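Novice: Next comes the structure file data.txt, holding compact mmCIF, C-alpha atoms and all ligand atoms.
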```txt
# COMPACT_ATOMS: atom_id res chain seq x y z
CA MET A 1 -96.87 -49.48 -9.33
CA GLY A 2 -94.86 -49.08 -6.14
CA LEU A 3 -92.08 -50.93 -4.43
CA VAL A 4 -92.59 -52.55 -1.05
CA VAL A 5 -89.97 -54.04 1.26
CA GLN A 6 -91.30 -56.76 3.55
CA LYS A 7 -89.19 -58.09 6.42
CA PHE A 8 -90.10 -61.32 8.19
CA GLY A 9 -88.52 -62.07 11.58
CA GLY A 10 -87.43 -65.45 12.94
CA SER A 11 -90.78 -66.34 14.50
CA SER A 12 -92.50 -65.66 11.15
CA VAL A 13 -90.30 -68.17 9.29
CA GLY A 14 -89.96 -70.71 12.13
CA ASP A 15 -91.04 -73.76 10.09
CA ILE A 16 -92.21 -74.67 6.58
CA ASP A 17 -95.87 -73.96 7.34
CA LYS A 18 -94.91 -70.49 8.53
CA ILE A 19 -92.75 -69.99 5.43
CA LYS A 20 -95.80 -70.92 3.33
CA ASN A 21 -97.80 -68.32 5.25
CA VAL A 22 -95.09 -65.77 4.45
CA ALA A 23 -95.22 -66.77 0.78
CA TYR A 24 -98.97 -66.00 0.71
CA ARG A 25 -98.33 -62.56 2.19
CA VAL A 26 -95.66 -61.90 -0.42
CA ILE A 27 -97.91 -63.02 -3.29
CA GLU A 28 -100.74 -60.89 -1.93
CA GLU A 29 -98.51 -57.81 -1.99
CA SER A 30 -97.28 -58.65 -5.47
CA ASN A 31 -100.89 -59.13 -6.67
CA GLN A 32 -101.56 -55.51 -5.63
CA GLY A 33 -99.23 -54.62 -8.50
CA HIS A 34 -96.15 -53.79 -6.39
CA GLN A 35 -92.56 -54.87 -6.87
CA VAL A 36 -91.63 -56.79 -3.74
CA VAL A 37 -88.27 -57.14 -2.02
CA VAL A 38 -88.31 -59.48 0.99
CA VAL A 39 -85.78 -59.58 3.82
CA VAL A 40 -85.75 -62.66 6.04
CA SER A 41 -84.25 -63.59 9.41
CA ALA A 42 -83.02 -67.03 10.39
CA MET A 43 -85.72 -69.61 11.24
CA GLY A 44 -87.03 -69.44 14.83
CA ASP A 45 -84.21 -69.47 17.36
CA LEU A 46 -81.65 -70.77 14.89
CA THR A 47 -79.19 -67.91 15.55
CA ASP A 48 -79.16 -68.77 19.27
CA GLU A 49 -78.77 -72.46 18.46
CA LEU A 50 -75.80 -71.76 16.18
CA ILE A 51 -74.16 -69.65 18.90
CA ALA A 52 -74.67 -72.50 21.40
CA LEU A 53 -73.18 -74.95 18.91
CA ALA A 54 -70.13 -72.73 18.37
CA ARG A 55 -69.56 -72.53 22.15
CA GLN A 56 -69.25 -76.32 22.22
CA THR A 57 -66.11 -76.15 20.08
CA GLY A 58 -64.02 -74.85 23.00
CA PRO A 59 -63.42 -71.71 25.04
CA ASN A 60 -62.78 -69.31 22.14
CA GLN A 61 -64.56 -68.48 18.90
CA SER A 62 -63.11 -65.96 16.50
CA GLU A 63 -65.62 -63.30 15.51
CA ARG A 64 -64.82 -63.94 11.86
CA GLU A 65 -65.79 -67.61 12.05
CA MET A 66 -68.83 -66.73 14.15
CA ASP A 67 -70.09 -64.40 11.40
CA MET A 68 -69.36 -67.09 8.81
CA LEU A 69 -71.54 -69.48 10.82
CA LEU A 70 -74.42 -67.16 11.79
CA THR A 71 -74.98 -65.82 8.27
CA THR A 72 -75.91 -69.34 7.12
CA GLY A 73 -79.13 -69.03 9.17
CA GLU A 74 -80.56 -66.21 7.06
CA GLN A 75 -79.46 -67.93 3.84
CA GLN A 76 -81.48 -71.01 4.74
CA SER A 77 -84.72 -69.07 5.17
CA ALA A 78 -84.10 -67.02 2.01
CA ALA A 79 -83.59 -70.15 -0.11
CA LEU A 80 -86.55 -71.98 1.46
CA LEU A 81 -88.86 -69.02 0.86
CA ALA A 82 -87.71 -68.75 -2.78
CA MET A 83 -88.37 -72.48 -3.30
CA THR A 84 -91.81 -72.18 -1.67
CA LEU A 85 -92.74 -69.24 -3.91
CA ASN A 86 -91.47 -71.04 -7.00
CA ASN A 87 -93.55 -74.08 -6.07
CA MET A 88 -96.58 -71.81 -5.82
CA GLY A 89 -95.91 -70.65 -9.39
CA CYS A 90 -94.39 -67.32 -8.41
CA ALA A 91 -90.97 -66.34 -9.82
CA ALA A 92 -88.59 -65.58 -6.96
CA VAL A 93 -84.86 -65.56 -6.37
CA SER A 94 -82.91 -65.53 -3.11
CA LEU A 95 -79.71 -63.52 -2.68
CA THR A 96 -77.14 -63.34 0.09
CA GLY A 97 -76.44 -59.90 1.56
CA TRP A 98 -73.35 -59.51 -0.59
CA GLN A 99 -75.13 -60.60 -3.78
CA GLY A 100 -77.67 -57.92 -2.87
CA GLY A 101 -74.82 -55.39 -2.72
CA VAL A 102 -74.80 -54.80 1.04
CA ALA A 103 -71.38 -53.38 2.01
CA THR A 104 -70.34 -52.91 5.64
CA GLU A 105 -67.37 -51.67 7.63
CA GLN A 106 -64.64 -54.19 8.50
CA VAL A 107 -66.10 -55.06 11.92
CA HIS A 108 -67.35 -58.47 12.98
CA SER A 109 -70.57 -59.17 14.92
CA LYS A 110 -71.88 -55.57 14.86
CA ALA A 111 -70.87 -53.99 11.56
CA ARG A 112 -72.63 -50.93 10.17
CA ILE A 113 -73.88 -50.84 6.60
CA THR A 114 -71.76 -48.37 4.64
CA ASP A 115 -73.32 -48.70 1.19
CA ILE A 116 -75.77 -50.75 -0.86
CA LYS A 117 -75.30 -51.24 -4.60
CA PRO A 118 -78.70 -52.57 -5.64
CA ASP A 119 -77.85 -53.37 -9.32
CA ARG A 120 -78.48 -57.09 -8.97
CA ILE A 121 -81.72 -56.57 -7.03
CA GLU A 122 -82.96 -54.10 -9.66
CA LYS A 123 -82.05 -56.48 -12.46
CA GLU A 124 -84.05 -59.31 -10.87
CA LEU A 125 -86.98 -56.98 -10.22
CA THR A 126 -87.14 -55.92 -13.86
CA GLN A 127 -87.40 -59.62 -14.72
CA ASN A 128 -90.59 -59.63 -12.62
CA LYS A 129 -89.15 -61.69 -9.82
CA ILE A 130 -89.72 -61.40 -6.11
CA VAL A 131 -86.28 -60.74 -4.66
CA ILE A 132 -85.49 -62.30 -1.29
CA ILE A 133 -82.45 -61.03 0.59
CA ALA A 134 -80.82 -62.76 3.54
CA GLY A 135 -80.92 -60.16 6.33
CA PHE A 136 -78.32 -59.35 9.02
CA GLN A 137 -75.30 -59.75 6.71
CA GLY A 138 -72.91 -57.88 4.45
CA LEU A 139 -69.44 -57.86 3.01
CA SER A 140 -66.54 -55.78 4.36
CA PRO A 141 -63.96 -53.95 2.22
CA ASN A 142 -61.54 -56.84 2.97
CA GLY A 143 -63.99 -59.29 1.43
CA GLU A 144 -65.02 -60.71 4.80
CA ILE A 145 -68.56 -61.76 5.69
CA THR A 146 -69.93 -59.58 8.47
CA THR A 147 -73.10 -59.44 10.60
CA LEU A 148 -75.04 -56.39 11.76
CA GLY A 149 -75.70 -57.20 15.43
CA ARG A 150 -78.67 -59.05 16.94
CA GLY A 151 -81.92 -58.05 15.29
CA GLY A 152 -79.91 -56.73 12.32
CA SER A 153 -82.36 -57.93 9.65
CA ASP A 154 -84.50 -54.93 10.59
CA THR A 155 -81.62 -52.68 9.55
CA THR A 156 -81.08 -54.59 6.30
CA ALA A 157 -84.76 -54.00 5.46
CA VAL A 158 -84.73 -50.31 6.32
CA ALA A 159 -81.43 -49.67 4.48
CA LEU A 160 -82.74 -51.45 1.37
CA SER A 161 -85.97 -49.44 1.60
CA ALA A 162 -83.95 -46.22 1.61
CA VAL A 163 -81.77 -47.20 -1.34
CA LEU A 164 -84.63 -48.64 -3.42
CA LYS A 165 -86.90 -45.71 -2.46
CA ALA A 166 -89.56 -48.13 -1.26
CA ASP A 167 -93.04 -46.78 -0.57
CA ILE A 168 -93.04 -48.60 2.74
CA CYS A 169 -90.94 -50.97 4.82
CA ASP A 170 -93.27 -53.48 6.47
CA ILE A 171 -91.70 -55.26 9.44
CA TYR A 172 -93.71 -58.45 9.96
CA THR A 173 -93.39 -60.07 13.37
CA ASP A 174 -95.19 -62.16 16.00
CA VAL A 175 -97.08 -59.24 17.57
CA GLU A 176 -99.52 -56.88 15.89
CA GLY A 177 -97.45 -53.73 16.19
CA VAL A 178 -95.62 -51.59 18.71
CA TYR A 179 -97.39 -51.75 22.07
CA THR A 180 -97.41 -49.50 25.12
CA ALA A 181 -95.28 -52.23 26.81
CA ASP A 182 -94.01 -55.69 25.88
CA PRO A 183 -97.33 -57.54 25.36
CA ARG A 184 -95.72 -60.72 26.68
CA LEU A 185 -95.25 -59.09 30.09
CA VAL A 186 -98.20 -56.73 30.22
CA PRO A 187 -101.45 -58.41 29.16
CA ASP A 188 -103.22 -55.00 29.06
CA ALA A 189 -100.65 -53.40 26.72
CA LYS A 190 -102.28 -51.56 23.84
CA LYS A 191 -101.22 -51.40 20.23
CA LEU A 192 -100.16 -47.90 19.15
CA GLU A 193 -101.49 -46.63 15.82
CA PHE A 194 -98.55 -44.24 15.46
CA VAL A 195 -95.24 -43.76 17.21
CA SER A 196 -92.70 -41.02 16.40
CA TYR A 197 -89.16 -41.87 15.27
CA ASP A 198 -87.78 -40.25 18.43
CA GLU A 199 -90.01 -42.26 20.72
CA MET A 200 -89.40 -45.47 18.78
CA LEU A 201 -85.65 -44.92 18.93
CA GLU A 202 -85.79 -44.47 22.71
CA LEU A 203 -88.11 -47.47 23.18
CA ALA A 204 -85.91 -49.68 20.99
CA SER A 205 -82.69 -48.53 22.67
CA LEU A 206 -84.20 -49.06 26.13
CA GLY A 207 -85.08 -52.70 25.48
CA ALA A 208 -88.28 -52.90 23.39
CA GLY A 209 -86.87 -55.65 21.16
CA VAL A 210 -89.46 -55.26 18.43
CA LEU A 211 -87.10 -53.14 16.28
CA GLN A 212 -83.31 -52.87 16.21
CA PRO A 213 -82.36 -49.34 17.37
CA ARG A 214 -80.06 -48.90 14.37
CA ALA A 215 -82.93 -49.62 12.01
CA VAL A 216 -84.95 -46.81 13.59
CA GLU A 217 -81.99 -44.44 13.46
CA PHE A 218 -81.50 -45.25 9.77
CA ALA A 219 -85.21 -44.79 9.02
CA MET A 220 -85.19 -41.43 10.77
CA GLN A 221 -82.16 -40.19 8.82
CA HIS A 222 -83.46 -41.37 5.45
CA ASN A 223 -87.16 -40.80 5.97
CA VAL A 224 -88.14 -44.43 5.52
CA ARG A 225 -91.79 -45.20 6.35
CA ILE A 226 -91.88 -48.20 8.68
CA GLN A 227 -94.90 -50.22 9.64
CA VAL A 228 -94.61 -52.93 12.32
CA ARG A 229 -97.33 -55.54 11.79
CA SER A 230 -98.33 -59.15 12.34
CA SER A 231 -97.36 -61.97 9.99
CA PHE A 232 -100.40 -63.89 11.09
CA LYS A 233 -103.19 -61.29 11.16
CA MET A 234 -104.31 -58.95 8.41
CA GLU A 235 -104.93 -55.79 10.48
CA PRO A 236 -102.77 -52.70 9.97
CA GLY A 237 -99.95 -52.40 12.50
CA THR A 238 -98.08 -49.42 13.95
CA LEU A 239 -96.72 -46.66 11.71
CA VAL A 240 -93.46 -45.02 12.72
CA VAL A 241 -93.79 -41.37 11.69
CA GLU A 242 -92.24 -37.94 12.15
CA GLY A 243 -93.22 -36.41 15.52
CA GLY A 244 -94.82 -33.38 13.87
CA LYS A 245 -97.29 -35.60 12.02
CA MET A 246 -98.82 -36.83 15.25
CA GLU A 247 -101.97 -35.16 16.49
CA SER A 248 -100.72 -34.54 19.98
CA ASN A 249 -97.74 -35.55 22.03
CA ARG A 250 -98.61 -38.19 24.58
CA ILE A 251 -96.94 -37.58 27.93
CA VAL A 252 -96.00 -41.23 28.26
CA THR A 253 -96.19 -43.37 25.10
CA GLY A 254 -94.75 -46.60 26.40
CA VAL A 255 -92.76 -48.51 28.99
CA ALA A 256 -89.64 -50.48 28.07
CA HIS A 257 -87.52 -52.82 30.11
CA ASP A 258 -84.07 -54.30 29.79
CA LEU A 259 -82.80 -57.29 31.75
CA ASN A 260 -79.35 -57.15 30.20
CA VAL A 261 -77.99 -54.75 32.83
CA ALA A 262 -75.00 -54.97 35.18
CA LYS A 263 -73.77 -52.30 37.58
CA LEU A 264 -70.16 -51.55 38.49
CA ALA A 265 -68.97 -49.16 41.18
CA LEU A 266 -65.65 -47.67 42.30
CA PHE A 267 -65.47 -46.44 45.90
CA ASP A 268 -63.55 -43.48 47.34
CA VAL A 269 -62.21 -42.23 44.05
CA PRO A 270 -60.05 -39.10 44.48
CA ASP A 271 -62.05 -35.99 43.53
CA GLN A 272 -59.67 -34.60 40.90
CA PRO A 273 -59.92 -33.44 37.29
CA GLY A 274 -59.21 -36.26 34.82
CA ILE A 275 -60.35 -39.15 37.01
CA ALA A 276 -63.64 -39.80 35.19
CA SER A 277 -61.80 -39.54 31.90
CA THR A 278 -59.25 -42.17 33.04
CA ILE A 279 -61.99 -44.62 34.03
CA PHE A 280 -64.22 -44.23 31.00
CA GLN A 281 -61.36 -43.94 28.50
CA ALA A 282 -60.10 -47.33 29.66
CA LEU A 283 -63.57 -48.83 29.15
CA ALA A 284 -63.91 -47.21 25.73
CA GLU A 285 -60.54 -48.64 24.68
CA ALA A 286 -61.87 -52.09 25.57
CA SER A 287 -64.95 -51.36 23.32
CA ILE A 288 -67.30 -51.45 26.30
CA ASN A 289 -70.43 -49.33 26.04
CA VAL A 290 -71.29 -47.56 29.27
CA ASP A 291 -74.90 -46.60 29.84
CA MET A 292 -75.95 -44.78 33.05
CA ILE A 293 -73.30 -43.03 35.17
CA VAL A 294 -73.82 -41.78 38.71
CA GLN A 295 -71.26 -39.86 40.74
CA ALA A 296 -72.01 -39.29 44.42
CA ASP A 297 -71.32 -35.95 46.11
CA MET A 298 -67.77 -35.45 47.37
CA ARG A 299 -66.83 -36.08 50.99
CA ASP A 300 -63.28 -35.85 52.36
CA GLY A 301 -62.00 -35.26 48.82
CA ARG A 302 -63.38 -38.59 47.58
CA ASN A 303 -66.35 -39.76 45.47
CA ASP A 304 -68.12 -42.98 44.61
CA ILE A 305 -68.73 -43.56 40.90
CA ALA A 306 -71.20 -46.18 39.65
CA PHE A 307 -72.25 -47.05 36.10
CA THR A 308 -74.04 -49.71 34.11
CA VAL A 309 -72.95 -51.88 31.18
CA CYS A 310 -74.62 -54.72 29.25
CA LYS A 311 -74.46 -57.94 31.26
CA ASP A 312 -72.78 -59.54 28.24
CA ASP A 313 -69.89 -57.07 28.58
CA LEU A 314 -69.41 -57.54 32.33
CA HIS A 315 -66.62 -60.12 31.97
CA LEU A 316 -64.70 -57.58 29.85
CA ALA A 317 -65.47 -54.59 32.08
CA LEU A 318 -64.56 -56.15 35.44
CA PRO A 319 -60.80 -56.55 34.88
CA VAL A 320 -60.61 -53.03 33.39
CA VAL A 321 -62.37 -51.52 36.42
CA GLU A 322 -60.23 -53.43 38.90
CA ARG A 323 -57.04 -52.32 37.15
CA VAL A 324 -58.13 -48.66 36.95
CA ALA A 325 -59.32 -48.68 40.59
CA LYS A 326 -55.81 -49.68 41.64
CA ASP A 327 -54.18 -47.09 39.36
CA ILE A 328 -56.24 -44.16 40.65
CA GLY A 329 -56.20 -45.21 44.31
CA ALA A 330 -59.87 -46.11 44.78
CA SER A 331 -60.60 -48.04 47.98
CA GLY A 332 -62.54 -50.83 46.25
CA THR A 333 -65.02 -51.93 43.60
CA SER A 334 -68.32 -53.77 43.49
CA CYS A 335 -70.50 -55.33 40.84
CA GLY A 336 -74.20 -56.22 40.72
CA GLN A 337 -75.90 -58.39 38.13
CA ASP A 338 -79.42 -59.18 39.22
CA LEU A 339 -80.68 -55.86 37.93
CA ALA A 340 -83.06 -54.49 35.33
CA LYS A 341 -83.74 -51.12 33.78
CA ILE A 342 -87.27 -49.84 33.49
CA SER A 343 -87.98 -46.76 31.38
CA ILE A 344 -90.90 -44.59 30.41
CA VAL A 345 -90.80 -42.80 27.04
CA GLY A 346 -93.01 -40.00 25.73
CA ALA A 347 -92.54 -36.91 23.55
CA GLY A 348 -94.91 -34.89 25.75
CA MET A 349 -92.68 -35.24 28.80
CA THR A 350 -90.68 -32.15 27.87
CA SER A 351 -93.64 -29.87 28.56
CA ASN A 352 -95.12 -31.74 31.53
CA PRO A 353 -93.19 -31.43 34.78
CA GLY A 354 -93.56 -34.08 37.45
CA VAL A 355 -93.53 -37.15 35.21
CA ALA A 356 -90.34 -38.49 36.78
CA ALA A 357 -91.70 -37.79 40.27
CA THR A 358 -94.86 -39.77 39.43
CA MET A 359 -92.77 -42.71 38.23
CA PHE A 360 -90.72 -42.69 41.46
CA ALA A 361 -93.93 -42.52 43.52
CA ILE A 362 -95.40 -45.53 41.68
CA LEU A 363 -92.24 -47.54 42.37
CA ALA A 364 -92.28 -46.41 46.02
CA ASP A 365 -95.91 -47.53 46.40
CA GLU A 366 -94.83 -50.96 45.14
CA ASN A 367 -91.99 -50.92 47.68
CA ILE A 368 -89.43 -51.07 44.86
CA ASN A 369 -86.03 -49.58 45.59
CA ILE A 370 -84.38 -47.47 42.86
CA HIS A 371 -80.62 -48.04 42.46
CA MET A 372 -79.92 -45.56 39.67
CA ILE A 373 -81.81 -42.93 37.66
CA SER A 374 -81.18 -41.29 34.31
CA THR A 375 -83.35 -38.90 32.32
CA SER A 376 -83.47 -37.24 28.91
CA GLU A 377 -86.05 -34.91 27.38
CA ILE A 378 -88.34 -37.78 26.45
CA LYS A 379 -87.47 -40.60 28.86
CA VAL A 380 -86.89 -41.52 32.50
CA SER A 381 -85.01 -44.74 33.35
CA CYS A 382 -84.54 -46.44 36.72
CA VAL A 383 -82.39 -49.42 37.62
CA ILE A 384 -84.18 -51.76 40.02
CA ASP A 385 -83.81 -55.37 41.20
CA ALA A 386 -84.53 -57.77 38.31
CA PRO A 387 -87.08 -59.96 40.14
CA LEU A 388 -89.30 -56.87 40.63
CA ILE A 389 -89.48 -55.93 36.95
CA ASN A 390 -92.86 -57.51 36.29
CA ALA A 391 -94.52 -55.72 39.20
CA ALA A 392 -92.85 -52.45 38.21
CA ILE A 393 -93.93 -52.56 34.56
CA ASN A 394 -97.50 -53.50 35.33
CA ALA A 395 -97.85 -50.83 38.04
CA ILE A 396 -96.38 -48.10 35.82
CA HIS A 397 -98.46 -49.19 32.85
CA LYS A 398 -101.63 -49.06 34.93
CA ARG A 399 -100.99 -45.83 36.83
CA PHE A 400 -100.03 -43.87 33.69
CA ASN A 401 -103.23 -45.18 32.05
CA LEU A 402 -101.39 -46.49 29.01
P1 LIG A 501 -88.74 -61.01 15.10
O1 LIG A 501 -88.30 -62.42 15.21
O2 LIG A 501 -89.96 -60.85 14.25
O3 LIG A 501 -87.64 -60.07 14.72
P2 LIG A 501 -88.51 -60.05 17.83
O4 LIG A 501 -88.57 -61.11 18.87
O5 LIG A 501 -87.19 -59.49 17.48
O6 LIG A 501 -89.27 -60.62 16.55
O7 LIG A 501 -89.48 -58.85 18.23
C1 LIG A 501 -90.83 -59.07 18.57
C2 LIG A 501 -90.98 -59.15 20.09
O8 LIG A 501 -90.66 -57.89 20.67
C3 LIG A 501 -92.38 -59.43 20.56
O9 LIG A 501 -92.67 -60.80 20.58
C4 LIG A 501 -92.42 -58.79 21.94
O10 LIG A 501 -92.31 -59.74 22.97
C5 LIG A 501 -91.18 -57.90 21.98
N1 LIG A 501 -91.49 -56.54 22.43
C6 LIG A 501 -90.84 -55.88 23.43
N2 LIG A 501 -91.37 -54.68 23.63
C7 LIG A 501 -92.38 -54.53 22.73
C8 LIG A 501 -93.31 -53.48 22.44
N3 LIG A 501 -93.29 -52.32 23.12
N4 LIG A 501 -94.21 -53.68 21.46
C9 LIG A 501 -94.23 -54.85 20.77
N5 LIG A 501 -93.38 -55.87 21.01
C10 LIG A 501 -92.46 -55.72 21.97
N1 LIG A 502 -81.04 -63.79 13.12
C1 LIG A 502 -80.46 -62.62 13.72
C2 LIG A 502 -80.81 -62.57 15.19
O1 LIG A 502 -81.42 -63.48 15.70
C3 LIG A 502 -80.85 -61.36 13.02
C4 LIG A 502 -82.31 -61.03 13.05
O2 LIG A 502 -83.14 -61.88 13.37
O3 LIG A 502 -82.66 -59.88 12.76
O4 LIG A 502 -80.44 -61.63 15.86
MG MG A 503 -86.24 -58.80 15.70
```
Write the structure described by the file as structure tokens, please.
Ligand code: ADP
Ligand code: ASP
Ligand code: MG

Specialist:
Amino acid sequence: MGLVVQKFGGSSVGDIDKIKNVAYRVIEESNQGHQVVVVVSAMGDLTDELIALARQTGPNQSEREMDMLLTTGEQQSAALLAMTLNNMGCAAVSLTGWQGGVATEQVHSKARITDIKPDRIEKELTQNKIVIIAGFQGLSPNGEITTLGRGGSDTTAVALSAVLKADICDIYTDVEGVYTADPRLVPDAKKLEFVSYDEMLELASLGAGVLQPRAVEFAMQHNVRIQVRSSFKMEPGTLVVEGGKMESNRIVTGVAHDLNVAKLALFDVPDQPGIASTIFQALAEASINVDMIVQADMRDGRNDIAFTVCKDDLHLALPVVERVAKDIGASGTSCGQDLAKISIVGAGMTSNPGVAATMFAILADENINIHMISTSEIKVSCVIDAPLINAAINAIHKRFNL
């Protein structure tokens, strides 16, 4: 007998019929003789609806109260799934994150899991119950309810899998696995049988929303086997595995895109030691994550520096940049919002020169201008105009024969 963790995302628990479908999948797994721990997300778009509701209360929402509100979403689906299973004659109990022993740091809205004490879960399992845990939530050392960032139920599932030494962590969602590109945008996208942790981490971090990047990072560190699969079809999905286990490294495994991109620039920054540190230290102090950074070549002792941040952070970044620009004597600043990042990811890129050049050529053939570029061993990213993202993804997908 093994132990399986099943995680069902929002679209899989969107209404009672879908919750009944989930219950069948849980019972099926249990009938195979496995102990089953289930992690659920909030129903459908409930998290977004709760955020919209909170915004109606006035201009400010404390992060503490926001976490208090958002965690109710996952508790609803957990309780409804437990009731459904009980009504089908299957013993099941729902637990909040904290009842399940999920401890996090004292940070609201994007806390990291620090520890899981699974005593209660294990006790319920030994009583032959299906244990359903509300995902995306934990308890801080101060006794505050915290959330793990958007898509955080994936991380709850992977962390529980590590602690409970699960045989597999099945992530059930509304697509059949990890595809070569977002199947909603690229009709020809193909399902991958395997993807390496490294590639999956890049794809997830670069916008492939199918897994939370932190969940992949956690799985990689703790050797958790993840399978991404469909809640609605029976076929096997995509296995996330160690790179070495794959037969060969594909040059390009997939294309990811991110529309949550804004660009900021400072002009005529004095070319002196310590200037970059001043700019990016100020942003770090305001808890703003900076992604790509480009510094132009010096002329007349001055440089231009441009970088990207999440669009959601732009309202925080702008005043910081304007203040720093004044302090360091830059001649001005600019900001652009209608942008998107398109990236190709593949473990075989390291040993195949010319991949980046091919990507630039494909974009040039489509008459798409590149605003910024960044590369790592296994990815190339370009910032382009947002309205061109569809054309860019489809052209890249086709020309790399994905
Ligand atoms: P859930 O509610 O199950 O957590 P998400 O919406 O978070 O589901 O993730 C699934 C979605 O991820 C898919 O519907 C798909 O549009 C999107 N997606 C983006 N890139 C990819 C990709 N490369 N492979 C599969 N899905 C992707
Ligand atoms: N409900 C949360 C969200 O929408 C967490 C999750 O679904 O994983 O981000
Ligand atoms: Mg998700």

Novice: Kindly assemble as a Markdown table a list of the chain A residues that lie within 10 Å of ligand LIG 501 (chain A), each paired with its nearest atom pair and their distance in Å to one decimal, using all atoms listed in the file, sorted first by chain and then by ascending residue number.

Specialist:
```
| residue | atom | partner | partner_atom | distance |
| --- | --- | --- | --- | --- |
| A:Lys7 | CA | A:LIG501 | O2 | 8.3 |
| A:Phe8 | CA | A:LIG501 | O2 | 6.1 |
| A:Gly9 | CA | A:LIG501 | O2 | 3.3 |
| A:Gly10 | CA | A:LIG501 | O1 | 3.9 |
| A:Ser11 | CA | A:LIG501 | O1 | 4.7 |
| A:Ser12 | CA | A:LIG501 | O2 | 6.3 |
| A:Val13 | CA | A:LIG501 | O1 | 8.5 |
| A:Gly14 | CA | A:LIG501 | O1 | 9.0 |
| A:Val40 | CA | A:LIG501 | O3 | 9.3 |
| A:Ser41 | CA | A:LIG501 | O1 | 7.2 |
| A:Ala42 | CA | A:LIG501 | O1 | 8.5 |
| A:Met43 | CA | A:LIG501 | O1 | 8.6 |
| A:Gly44 | CA | A:LIG501 | O1 | 7.1 |
| A:Asp45 | CA | A:LIG501 | O1 | 8.4 |
| A:Arg150 | CA | A:LIG501 | O5 | 8.5 |
| A:Gly151 | CA | A:LIG501 | O5 | 5.9 |
| A:Gly152 | CA | A:LIG501 | O3 | 8.8 |
| A:Ser153 | CA | A:LIG501 | O3 | 7.6 |
| A:Asp154 | CA | A:LIG501 | O3 | 7.3 |
| A:Ile171 | CA | A:LIG501 | O2 | 7.6 |
| A:Tyr172 | CA | A:LIG501 | O2 | 6.2 |
| A:Thr173 | CA | A:LIG501 | O2 | 3.6 |
| A:Asp174 | CA | A:LIG501 | O9 | 5.4 |
| A:Val175 | CA | A:LIG501 | O9 | 5.6 |
| A:Glu176 | CA | A:LIG501 | C9 | 7.5 |
| A:Gly177 | CA | A:LIG501 | C9 | 5.7 |
| A:Val178 | CA | A:LIG501 | N4 | 3.7 |
| A:Tyr179 | CA | A:LIG501 | N4 | 3.8 |
| A:Thr180 | CA | A:LIG501 | N3 | 5.4 |
| A:Ala181 | CA | A:LIG501 | N3 | 4.2 |
| A:Asp182 | CA | A:LIG501 | N2 | 3.6 |
| A:Pro183 | CA | A:LIG501 | O10 | 6.0 |
| A:Arg184 | CA | A:LIG501 | O10 | 5.1 |
| A:Leu185 | CA | A:LIG501 | O10 | 7.7 |
| A:Val186 | CA | A:LIG501 | N3 | 9.7 |
| A:Ala189 | CA | A:LIG501 | N3 | 8.3 |
| A:Lys190 | CA | A:LIG501 | N4 | 8.7 |
| A:Lys191 | CA | A:LIG501 | N4 | 7.5 |
| A:Leu192 | CA | A:LIG501 | N4 | 8.6 |
| A:Met200 | CA | A:LIG501 | N3 | 9.0 |
| A:Leu203 | CA | A:LIG501 | N3 | 7.1 |
| A:Ala204 | CA | A:LIG501 | N2 | 7.9 |
| A:Leu206 | CA | A:LIG501 | N2 | 9.4 |
| A:Gly207 | CA | A:LIG501 | N2 | 6.8 |
| A:Ala208 | CA | A:LIG501 | N2 | 3.6 |
| A:Gly209 | CA | A:LIG501 | O8 | 4.4 |
| A:Val210 | CA | A:LIG501 | O7 | 3.6 |
| A:Leu211 | CA | A:LIG501 | O5 | 6.5 |
| A:Gln212 | CA | A:LIG501 | O5 | 7.8 |
| A:Val228 | CA | A:LIG501 | C9 | 8.7 |
| A:Arg229 | CA | A:LIG501 | O2 | 9.4 |
| A:Ser230 | CA | A:LIG501 | O2 | 8.8 |
| A:Ser231 | CA | A:LIG501 | O2 | 8.6 |
| A:Thr238 | CA | A:LIG501 | N4 | 9.5 |
| A:Thr253 | CA | A:LIG501 | N3 | 9.6 |
| A:Gly254 | CA | A:LIG501 | N3 | 6.8 |
| A:Val255 | CA | A:LIG501 | N3 | 7.0 |
| A:Ala256 | CA | A:LIG501 | N2 | 6.4 |
| A:His257 | CA | A:LIG501 | N2 | 7.8 |
| A:Asp258 | CA | A:LIG501 | C6 | 9.4 |
```

Novice: Pick the closest to Ala82 (chain A) from A:Ile27, A:Leu264, A:Leu314, A:Met66: which is it, counting all atoms listed in the file?

Specialist: A:Ile27

Novice: With distances taken over all atoms listed in the file, which residue among A:Ala265, A:Met349, A:Ala215, A:Ala356 lies nearest ligand MG 503 (chain A)?

Specialist: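 For ligand MG 503 (chain A), the nearest of the given residues is A:Ala215.
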
Novice: How big is the axis-aligned box, and where does its centre sit, when it encloses all atoms of ligand LIG 502 (chain A) listed in the file and has 6 Å added on every side, reported in Å to one decimal as JSON?

Specialist:
```
{"center_x": -81.8, "center_y": -61.8, "center_z": 14.3, "size_x": 14.7, "size_y": 15.9, "size_z": 15.1}
```

Novice: From the list A:Ile121, A:Met372, A:Val39, A:Ile393, which residue is nearest ligand MG 503 (chain A) when using all atoms listed in the file?

Specialist: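 For ligand MG 503 (chain A), the nearest of the candidates is A:Val39.
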
Novice: Please indicate the distance in Å from CA of Thr104 (chain A) to CA of Gly138 (chain A), rounded to one decimal place.

Specialist: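 Going from CA of Thr104 (chain A) over to CA of Gly138 (chain A), I get 5.7 Å.
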
Novice: In the coordinate frame of the file, compute which residues have an atom within 6 Å of (-70.0, -61.2, 8.9) when using only C-alpha atoms, and state them as a short mmCIF file (atom, residue, chain, number, x, y, z; two decimals) with C-alpha atoms, in the coordinates of the input.

Specialist:
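The resulting file, selection16.cif, is shown below:
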```cif
data_model
loop_
_atom_site.label_atom_id
_atom_site.label_comp_id
_atom_site.auth_asym_id
_atom_site.auth_seq_id
_atom_site.Cartn_x
_atom_site.Cartn_y
_atom_site.Cartn_z
CA ASP A 67 -70.09 -64.40 11.40
CA MET A 68 -69.36 -67.09 8.81
CA HIS A 108 -67.35 -58.47 12.98
CA GLN A 137 -75.30 -59.75 6.71
CA ILE A 145 -68.56 -61.76 5.69
CA THR A 146 -69.93 -59.58 8.47
CA THR A 147 -73.10 -59.44 10.60
#
```
